[in-house]
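See structure below.
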Amino acid sequence: MSAPLITFRNLDKWYGAQQVLEQVKLSLYSGQCILLAGENGSGKTTLLKILAGLETPTRAEVEYADTTQPWKTAVRRYRREVIYLHQTPYLFNGTVASNVAYGLRFTGLNREQQQQALARGLVWANLTEQAKRPAHTLSGGIRQRVAFTRAWVLSPKILLLDEPIANMDDASRKQTCDLLGRMKSEGMSIVITSHDAQPFETLADVRFQLENNQLRPCELHSTARESV
Amino acid sequence: MDGLLGTTQQALQLLLTGNPELWTIVGVSFSVSLKAIIFTTPVALVLAFVLAYLDFPGNRLLLSVFNSLLSVPTVVVGLLLYLLLSRQGPFGDLKLLFTQTAMVVAQMILCFPILVALGHAAMQAADQRAWETARTLGAPPWYAMLTVLYEVRFALITAVLTGFGRIISEVGASMMVGGNIMGFTRNITTAIALETSKGEFVQGVALGLVLLLLAFLLNFLLGYFQGKGKLLA
């Protein structure tokens with residue numbers, strides 16, 4: 001297996017006197033999908049937000065680009081490579097197109113290149129016809145697709161998804177899993193939290209269980225790979 | 001009853017005939033209050049954002065102070081500013097007492113806590129995911145802040161309108177630091193107080209009608225923007 005994109009070690013998180021994560025170690029590989037399971041309140045979302053740089057761990061070391069650094073130093077370097085998607089995606093006031101284009105202005109692309117990336121994204125997710133629709137009028141499934149496209153156009157190396165198919169109907173679940181499969185095949189590293197492993201059985205390569213504040217590998221299916 | 005009706009009729013005539021003295025007073029009011037709200041809004045909203053999104057020692061204390069200042073009497077602000085700007089005061093050399101600048105400063109002090117407290121409430125009610133989504137999509141902190149402000153813009157416009165309503169209708173601070181000088185620092189509220197004390201009610205009623213009209217307009221706008229906020233939430 002190739003070298004990991006990023007490795008988190010000795011990751012601890014305390015909320016006051018309560019420990020939520022203890023000595024977590026996790027390596028993320030290009031083109032690999034990790035399924036993260038655990039009870040409600042087990043710390044799955046906290047872990048994802050720490051990986052995304054949206055929450056601060058009490059302690060953590062990060063190995064990224066051949067150097068090991070404390071989380072606080074490393075997060076400035078790797079943040080642009082990681083995108084976190086909420087369980088219920090947040091769409092800004094505006095149209096589908098303005099939402100998809102949101103992050104492009106921070107990429108250094110000129111206006112024309114941004115327009116091209118936007119058009120590619122809309123085609124990729126079959127959203128071209130919805131481009132001018134106000135975001136607040138969209139159904140749950142389409143909102144999720146807009147959020148995925150908004151992430152996809154930025155070509156992140158790592159995508160973190162918090163319960164991406166919760167409260168979705170079967171058709172929307174299938175669409176979401178298809179999009180995730182395409183992202184994975186493009187080389188993205190994907191981490192998914194979910195109560196239900198079944199929909200991700202073909203997508204996920206490894207499965208971890210977050211239990212008693214610790215991350216433990218567990219069997220997903222016969223082809224499961226060990227990565228920790 | 002006839003007296004009140006007659007006075008109101010004369011007041012309307014005064015308004016509709018474009019009485020220059022009356023409209024100068026209205027102009028001073030709007031000029032001072034608009035400057036105060038325009039200068040205060042950006043700083044107050046940034047502070048409200050900092051209080052809502054950053055956890056630092058003294059955060060809650062600072063918020064309590066601003067909440068307490070919501071009900072500070074305008075004459076107390078006027079008195080404090082008078083002492084600071086009077087010749088014997090520490091800022092006496094600036095010679096700002098009885099100027100429109102002093103009135104602007106007084107009104108800025110009055111509307112600042114309103115904007116901070118209401119702005120903070122609006123941002124606390126905002127969806128935390130807006131900030132996180134902006135940041136994870138690569139927005140630098142200042143841009144993510146502007147994004148959040150835009151997301152709650154209707155609540156923030158409500159805060160600004162509330163602040164404007166408070167300062168354009170206040171009398172105590174403007175009277176004390178402005179000095180009620182005709183054509184210079186006399187505004188609607190200080191003029192009404194003066195005319196009433198002289199027993200000349202026509203101009204007072206005319207100016208009162210302007211204030212009432214403004215109050216209706218502000219309330220209409222408040223209702224409109226509050227409704228907008230709900231519609232898009």
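Scheme for the structure tokens: letters A, B, ... for chains in order shown; per-chain residue numbers from 1; ligand numbers from 1 in order shown.
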*At most 10 Å to chain B: residues in chain A, only C-alpha atoms, as a ChimeraX atom specification*: /A:49,52-55,79-86,88-94,102-107,135-137,147,150-151,154,156
*Leaving out B:Gly92 and any residue of its chain fewer than 5 positions from it, which residues lie within 12 Å of it when counting only C-alpha atoms, given as a ChimeraX atom specification?*
/B:81-87,97-98,102
_Minimum-distance residue to A:Leu127, chosen among A:Met183, A:Leu161, A:Val146, A:Leu5 (using only C-alpha atoms)_ =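 Smallest distance to A:Leu127 is found for A:Val146.
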_Give me, as a list in words, all polymer residues having an atom no more than 10 Å from A:Pro164, counting only C-alpha atoms and skipping those fewer than 6 positions away in the same chain._
Leu85, His86, Gln87, Thr88, Pro89, Gln144, Phe148, Arg173, Thr176, Cys177, Leu180, Ile192, Thr193 and Ser194 of chain A
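Selecting strand (DSSP E or B) from the backbone DSSP output for stretch 29-101 of chain A yields Cys33, Ile34, Leu35, Leu36, Ala37, Gly38, Arg59, Ala60, Glu61, Val62, Glu63, Tyr64, Thr67, Thr68, Gln69, Pro70, Val82, Ile83, Tyr84, Leu85 and Thr95 of chain A.
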Write a file of the selected residues as a PDB file, in the first residue's frame, keeping N, CA and C atoms.
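Done, and the output landed in result.pdb:
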ATOM      1  N   CYS A  33     -11.813   4.340   1.300  1.00  0.00           N
ATOM      2  CA  CYS A  33     -13.002   4.796   2.025  1.00  0.00           C
ATOM      3  C   CYS A  33     -13.065   4.106   3.387  1.00  0.00           C
ATOM      4  N   ILE A  34     -13.132   4.920   4.428  1.00  0.00           N
ATOM      5  CA  ILE A  34     -13.199   4.398   5.790  1.00  0.00           C
ATOM      6  C   ILE A  34     -14.613   4.602   6.330  1.00  0.00           C
ATOM      7  N   LEU A  35     -15.164   3.556   6.876  1.00  0.00           N
ATOM      8  CA  LEU A  35     -16.476   3.665   7.523  1.00  0.00           C
ATOM      9  C   LEU A  35     -16.253   3.719   9.028  1.00  0.00           C
ATOM     10  N   LEU A  36     -16.796   4.748   9.642  1.00  0.00           N
ATOM     11  CA  LEU A  36     -16.602   4.962  11.070  1.00  0.00           C
ATOM     12  C   LEU A  36     -17.943   4.754  11.771  1.00  0.00           C
ATOM     13  N   ALA A  37     -18.013   3.719  12.590  1.00  0.00           N
ATOM     14  CA  ALA A  37     -19.278   3.427  13.263  1.00  0.00           C
ATOM     15  C   ALA A  37     -19.161   3.752  14.757  1.00  0.00           C
ATOM     16  N   GLY A  38     -20.285   3.838  15.409  1.00  0.00           N
ATOM     17  CA  GLY A  38     -20.283   4.134  16.841  1.00  0.00           C
ATOM     18  C   GLY A  38     -21.644   4.604  17.285  1.00  0.00           C
ATOM     19  N   ARG A  59      -5.010  17.172  22.443  1.00  0.00           N
ATOM     20  CA  ARG A  59      -3.630  16.803  22.068  1.00  0.00           C
ATOM     21  C   ARG A  59      -3.710  15.968  20.798  1.00  0.00           C
ATOM     22  N   ALA A  60      -2.778  16.198  19.896  1.00  0.00           N
ATOM     23  CA  ALA A  60      -2.717  15.369  18.691  1.00  0.00           C
ATOM     24  C   ALA A  60      -1.443  15.670  17.924  1.00  0.00           C
ATOM     25  N   GLU A  61      -0.941  14.650  17.271  1.00  0.00           N
ATOM     26  CA  GLU A  61       0.194  14.830  16.363  1.00  0.00           C
ATOM     27  C   GLU A  61      -0.276  14.458  14.973  1.00  0.00           C
ATOM     28  N   VAL A  62       0.266  15.176  14.003  1.00  0.00           N
ATOM     29  CA  VAL A  62      -0.154  14.917  12.625  1.00  0.00           C
ATOM     30  C   VAL A  62       1.084  14.708  11.761  1.00  0.00           C
ATOM     31  N   GLU A  63       1.077  13.624  11.028  1.00  0.00           N
ATOM     32  CA  GLU A  63       2.146  13.391  10.067  1.00  0.00           C
ATOM     33  C   GLU A  63       1.594  13.730   8.696  1.00  0.00           C
ATOM     34  N   TYR A  64       2.150  14.780   8.111  1.00  0.00           N
ATOM     35  CA  TYR A  64       1.651  15.241   6.818  1.00  0.00           C
ATOM     36  C   TYR A  64       2.830  15.761   6.003  1.00  0.00           C
ATOM     37  N   THR A  67       6.420  15.254   7.435  1.00  0.00           N
ATOM     38  CA  THR A  67       6.844  15.840   8.714  1.00  0.00           C
ATOM     39  C   THR A  67       5.764  15.580   9.766  1.00  0.00           C
ATOM     40  N   THR A  68       6.233  15.362  10.973  1.00  0.00           N
ATOM     41  CA  THR A  68       5.296  15.169  12.081  1.00  0.00           C
ATOM     42  C   THR A  68       5.268  16.449  12.900  1.00  0.00           C
ATOM     43  N   GLN A  69       4.078  16.964  13.078  1.00  0.00           N
ATOM     44  CA  GLN A  69       3.922  18.247  13.782  1.00  0.00           C
ATOM     45  C   GLN A  69       2.735  18.176  14.730  1.00  0.00           C
ATOM     46  N   PRO A  70       2.721  19.079  15.732  1.00  0.00           N
ATOM     47  CA  PRO A  70       1.513  19.176  16.546  1.00  0.00           C
ATOM     48  C   PRO A  70       0.335  19.585  15.657  1.00  0.00           C
ATOM     49  N   VAL A  82      -8.806  19.183   2.974  1.00  0.00           N
ATOM     50  CA  VAL A  82      -9.869  18.432   3.649  1.00  0.00           C
ATOM     51  C   VAL A  82     -11.189  19.204   3.592  1.00  0.00           C
ATOM     52  N   ILE A  83     -12.255  18.506   3.285  1.00  0.00           N
ATOM     53  CA  ILE A  83     -13.582  19.124   3.342  1.00  0.00           C
ATOM     54  C   ILE A  83     -14.502  18.241   4.182  1.00  0.00           C
ATOM     55  N   TYR A  84     -15.209  18.911   5.076  1.00  0.00           N
ATOM     56  CA  TYR A  84     -16.137  18.219   5.974  1.00  0.00           C
ATOM     57  C   TYR A  84     -17.568  18.531   5.542  1.00  0.00           C
ATOM     58  N   LEU A  85     -18.399  17.507   5.464  1.00  0.00           N
ATOM     59  CA  LEU A  85     -19.812  17.716   5.105  1.00  0.00           C
ATOM     60  C   LEU A  85     -20.718  17.316   6.271  1.00  0.00           C
ATOM     61  N   THR A  95     -28.429  30.726  -5.004  1.00  0.00           N
ATOM     62  CA  THR A  95     -28.831  29.675  -5.936  1.00  0.00           C
ATOM     63  C   THR A  95     -27.926  28.456  -5.780  1.00  0.00           C
TER      64      THR A  95
END
*Give me, please, the distance in Å between atom CA of B:Thr74 and atom CA of B:Val171, quoted to one decimal.*
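Computed distance, atom CA of B:Thr74 to atom CA of B:Val171, equals 7.4 Å.
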Contacts of B:Val160 at 12 Å (only C-alpha atoms; same-chain gap of 3+ positions) as a PDB file with C-alpha atoms, in the first residue's frame:
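So the final result, stored in out-v1.pdb, reads:
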ATOM      1  CA  SER B  33     -28.481  59.951  13.655  1.00  0.00           C
ATOM      2  CA  LEU B  34     -27.507  58.518  10.268  1.00  0.00           C
ATOM      3  CA  ALA B  36     -24.017  57.773  14.322  1.00  0.00           C
ATOM      4  CA  ILE B  37     -25.574  54.554  13.059  1.00  0.00           C
ATOM      5  CA  ILE B  38     -23.269  54.323  10.013  1.00  0.00           C
ATOM      6  CA  PHE B  39     -20.110  54.814  12.119  1.00  0.00           C
ATOM      7  CA  THR B  40     -21.252  52.428  14.845  1.00  0.00           C
ATOM      8  CA  THR B  41     -22.689  49.522  12.858  1.00  0.00           C
ATOM      9  CA  PRO B  42     -19.502  47.923  11.434  1.00  0.00           C
ATOM     10  CA  ALA B  44     -20.605  46.819  16.787  1.00  0.00           C
ATOM     11  CA  LEU B  45     -21.380  43.926  14.433  1.00  0.00           C
ATOM     12  CA  MET B 108     -23.025  56.336  18.906  1.00  0.00           C
ATOM     13  CA  CYS B 111     -26.801  52.726  19.872  1.00  0.00           C
ATOM     14  CA  PHE B 112     -23.575  50.728  20.304  1.00  0.00           C
ATOM     15  CA  PRO B 113     -24.888  48.382  23.038  1.00  0.00           C
ATOM     16  CA  ILE B 114     -28.164  47.896  21.140  1.00  0.00           C
ATOM     17  CA  LEU B 115     -26.330  46.818  18.018  1.00  0.00           C
ATOM     18  CA  VAL B 116     -23.952  44.567  19.958  1.00  0.00           C
ATOM     19  CA  ALA B 117     -26.695  42.882  22.013  1.00  0.00           C
ATOM     20  CA  LEU B 118     -29.180  42.424  19.157  1.00  0.00           C
ATOM     21  CA  GLY B 119     -26.422  41.517  16.702  1.00  0.00           C
ATOM     22  CA  ALA B 122     -28.966  37.210  15.835  1.00  0.00           C
ATOM     23  CA  ARG B 153     -28.734  39.949   7.393  1.00  0.00           C
ATOM     24  CA  PHE B 154     -32.451  40.425   8.059  1.00  0.00           C
ATOM     25  CA  ALA B 155     -31.988  40.073  11.811  1.00  0.00           C
ATOM     26  CA  LEU B 156     -29.039  42.467  11.612  1.00  0.00           C
ATOM     27  CA  ILE B 157     -31.065  45.010   9.623  1.00  0.00           C
ATOM     28  CA  GLY B 163     -30.782  51.279  17.089  1.00  0.00           C
ATOM     29  CA  PHE B 164     -31.709  54.056  14.676  1.00  0.00           C
ATOM     30  CA  GLY B 165     -35.176  54.314  16.209  1.00  0.00           C
ATOM     31  CA  ARG B 166     -33.637  54.655  19.653  1.00  0.00           C
ATOM     32  CA  ILE B 167     -31.202  57.452  18.770  1.00  0.00           C
ATOM     33  CA  LEU B 218     -39.390  51.845  11.056  1.00  0.00           C
ATOM     34  CA  LEU B 221     -39.564  47.886   7.929  1.00  0.00           C
ATOM     35  CA  LEU B 222     -38.916  45.887  11.118  1.00  0.00           C
ATOM     36  CA  PHE B 225     -37.332  42.240   7.589  1.00  0.00           C
TER      37      PHE B 225
END
*Hey, which of A:Ile50, A:Val24, A:Val123, A:Val96 ends up closest to A:Leu210? Count only C-alpha atoms.*
A:Val24
